[in-house]
Amino acid sequence: MQRAKIAMAIHAVSVVAALAVAWQAVRFAMGDLGNVTLPVFELFDHGVQSVASDSAKQSSGLRFSPLGDLFDMMRAVVVWFAGFMVWLMAAVIVGELGKVAARVAAVGWHQYRAEAREAAEAARIAQERQAAKDRRRELRRKVIEAREPRKSSGVFPFLIGLLLGSFFF
């Protein structure tokens, strides 16, 4: 009885913690927090700019790129989306770790490991069954195709004929 109460308390705390971390995504969207993935994008930008500066040194004239601002806007959207998703994934991780901690508190470490091994074995068996099912389905498809080859709709040969005919008329 005591273990169940402790597990429920751990689960409740982990739910609150997951919501708190998810709230950080909202704060990030409002601009109160920074982006934790920004160093990755800065490293990427540094590599792109060094390649661009090397190619600019090799070219003799100035180039005008009408899509330069579009690239910057797309980069800003990707950086914002990545930052938002990092905070949401952190919330999911906190929630899942809380579930694991609550289960360990409820049944004990050894029982939890036994359950995890059983679940992994069940997943492996299900994956093997699905692979066998897919192999049988593929074999059945090949047998049916060997008996009755697919009939062409005639659209592709028509388009090829139209393309070749347009060269002569």
# chains A, B, ... in the order shown; residues from 1 in each chain; ligands from 1
$ residues_around --residues "Val13 of chain A" --least-positions-apart "4" --cutoff "10 Å" --atoms "only C-alpha atoms" --output "list in words"
Ala7, Met8, Ala9, Ala17, Ala18, Leu19, Gly95, Gly98 and Ala102 of chain A
$ write_last_selection --atoms "all heavy atoms" --output "CSV table (one decimal), in the first residue's frame"
chain,number,residue,atom,x,y,z
A,7,ALA,N,4.3,5.7,-5.6
A,7,ALA,CA,4.3,5.7,-7.0
A,7,ALA,C,3.3,6.8,-7.5
A,7,ALA,O,3.6,7.5,-8.5
A,7,ALA,CB,3.9,4.3,-7.5
A,8,MET,N,2.2,6.9,-6.9
A,8,MET,CA,1.2,7.9,-7.3
A,8,MET,C,1.8,9.3,-7.1
A,8,MET,O,1.6,10.2,-8.0
A,8,MET,CB,-0.1,7.7,-6.6
A,8,MET,CG,-0.9,6.5,-7.0
A,8,MET,SD,-2.4,6.2,-6.1
A,8,MET,CE,-3.2,7.8,-5.9
A,9,ALA,N,2.5,9.5,-6.0
A,9,ALA,CA,3.1,10.8,-5.8
A,9,ALA,C,4.2,11.1,-6.8
A,9,ALA,O,4.2,12.3,-7.3
A,9,ALA,CB,3.7,10.9,-4.4
A,17,ALA,N,5.9,18.3,-13.5
A,17,ALA,CA,7.2,18.7,-14.1
A,17,ALA,C,7.2,18.7,-15.6
A,17,ALA,O,7.7,19.6,-16.3
A,17,ALA,CB,8.3,17.7,-13.6
A,18,ALA,N,6.5,17.8,-16.2
A,18,ALA,CA,6.3,17.7,-17.7
A,18,ALA,C,5.6,18.9,-18.2
A,18,ALA,O,5.9,19.5,-19.2
A,18,ALA,CB,5.7,16.4,-18.1
A,19,LEU,N,4.5,19.3,-17.4
A,19,LEU,CA,3.8,20.5,-17.8
A,19,LEU,C,4.6,21.8,-17.7
A,19,LEU,O,4.5,22.7,-18.5
A,19,LEU,CB,2.5,20.6,-17.0
A,19,LEU,CG,1.4,19.6,-17.3
A,19,LEU,CD1,0.2,19.7,-16.3
A,19,LEU,CD2,0.9,19.8,-18.7
A,95,GLY,N,8.2,13.4,-18.7
A,95,GLY,CA,7.0,12.6,-18.4
A,95,GLY,C,7.3,11.2,-18.5
A,95,GLY,O,6.8,10.4,-17.6
A,98,GLY,N,9.3,10.1,-15.6
A,98,GLY,CA,8.5,10.0,-14.4
A,98,GLY,C,7.6,8.7,-14.3
A,98,GLY,O,7.4,8.2,-13.2
A,102,ALA,N,7.9,6.0,-11.4
A,102,ALA,CA,6.7,5.6,-10.6
A,102,ALA,C,6.6,4.1,-10.7
A,102,ALA,O,6.2,3.5,-9.7
A,102,ALA,CB,5.5,6.3,-11.2
$ residues_around --residues "Trp87 of chain A" --least-positions-apart "6" --cutoff "8 Å" --atoms "only C-alpha atoms" --output "list in words"
Val21, Ala22, Gln24 and Ala25 of chain A
$ closest_residue --among "A:Ala91, A:Arg135, A:Ser153, A:Phe81" --to "Leu38 of chain A" --atoms "only C-alpha atoms"
A:Phe81
$ atom_distance --atom1 "atom CA of Arg117 of chain A" --atom2 "atom CA of Arg103 of chain A"
14.4 Å
$ atom_distance --atom1 "atom CA of Ile10 of chain A" --atom2 "atom CA of Glu115 of chain A"
19.3 Å
$ residues_around --residues "Pro39 of chain A" --least-positions-apart "4" --cutoff "12 Å" --atoms "only C-alpha atoms" --output "PyMOL selection string"
chain A and resi 34-35+43-46+79+82-83
$ write_last_selection --atoms "N, CA, C and O atoms" --output "PDB file, in the first residue's frame"
ATOM      1  N   GLY A  34      15.560  31.597 -24.646  1.00  0.00           N
ATOM      2  CA  GLY A  34      16.377  31.441 -25.837  1.00  0.00           C
ATOM      3  C   GLY A  34      16.196  30.058 -26.449  1.00  0.00           C
ATOM      4  O   GLY A  34      15.519  29.185 -25.923  1.00  0.00           O
ATOM      5  N   ASN A  35      16.852  29.878 -27.565  1.00  0.00           N
ATOM      6  CA  ASN A  35      16.801  28.609 -28.285  1.00  0.00           C
ATOM      7  C   ASN A  35      18.010  27.780 -27.878  1.00  0.00           C
ATOM      8  O   ASN A  35      19.151  28.215 -28.039  1.00  0.00           O
ATOM      9  N   LEU A  43      26.801  27.018 -35.984  1.00  0.00           N
ATOM     10  CA  LEU A  43      27.864  26.223 -36.580  1.00  0.00           C
ATOM     11  C   LEU A  43      27.576  25.962 -38.053  1.00  0.00           C
ATOM     12  O   LEU A  43      28.452  26.081 -38.904  1.00  0.00           O
ATOM     13  N   PHE A  44      26.321  25.631 -38.368  1.00  0.00           N
ATOM     14  CA  PHE A  44      25.919  25.415 -39.758  1.00  0.00           C
ATOM     15  C   PHE A  44      26.093  26.691 -40.573  1.00  0.00           C
ATOM     16  O   PHE A  44      26.617  26.661 -41.685  1.00  0.00           O
ATOM     17  N   ASP A  45      25.653  27.832 -40.021  1.00  0.00           N
ATOM     18  CA  ASP A  45      25.798  29.113 -40.722  1.00  0.00           C
ATOM     19  C   ASP A  45      27.258  29.444 -40.967  1.00  0.00           C
ATOM     20  O   ASP A  45      27.620  29.951 -42.027  1.00  0.00           O
ATOM     21  N   HIS A  46      28.098  29.169 -39.987  1.00  0.00           N
ATOM     22  CA  HIS A  46      29.526  29.445 -40.152  1.00  0.00           C
ATOM     23  C   HIS A  46      30.098  28.630 -41.308  1.00  0.00           C
ATOM     24  O   HIS A  46      30.854  29.150 -42.127  1.00  0.00           O
ATOM     25  N   VAL A  79      14.757  27.570 -37.270  1.00  0.00           N
ATOM     26  CA  VAL A  79      15.348  27.759 -35.946  1.00  0.00           C
ATOM     27  C   VAL A  79      14.251  27.841 -34.900  1.00  0.00           C
ATOM     28  O   VAL A  79      14.348  27.224 -33.829  1.00  0.00           O
ATOM     29  N   ALA A  82      12.640  24.351 -34.466  1.00  0.00           N
ATOM     30  CA  ALA A  82      13.541  23.439 -33.752  1.00  0.00           C
ATOM     31  C   ALA A  82      13.566  23.765 -32.266  1.00  0.00           C
ATOM     32  O   ALA A  82      13.525  22.853 -31.426  1.00  0.00           O
ATOM     33  N   GLY A  83      13.626  25.029 -31.917  1.00  0.00           N
ATOM     34  CA  GLY A  83      13.608  25.414 -30.501  1.00  0.00           C
ATOM     35  C   GLY A  83      12.317  25.007 -29.818  1.00  0.00           C
ATOM     36  O   GLY A  83      12.329  24.482 -28.691  1.00  0.00           O
TER      37      GLY A  83
END
$ closest_residue --among "A:Ala126, A:Ala29, A:Ala119, A:Val104" --to "Phe84 of chain A" --atoms "only C-alpha atoms"
A:Ala29
$ select_by_dssp --residues "chain A" --states "alpha helix (DSSP H)" --output "ChimeraX atom specification"
/A:2-30,38-58,68-107,109-147,155-168
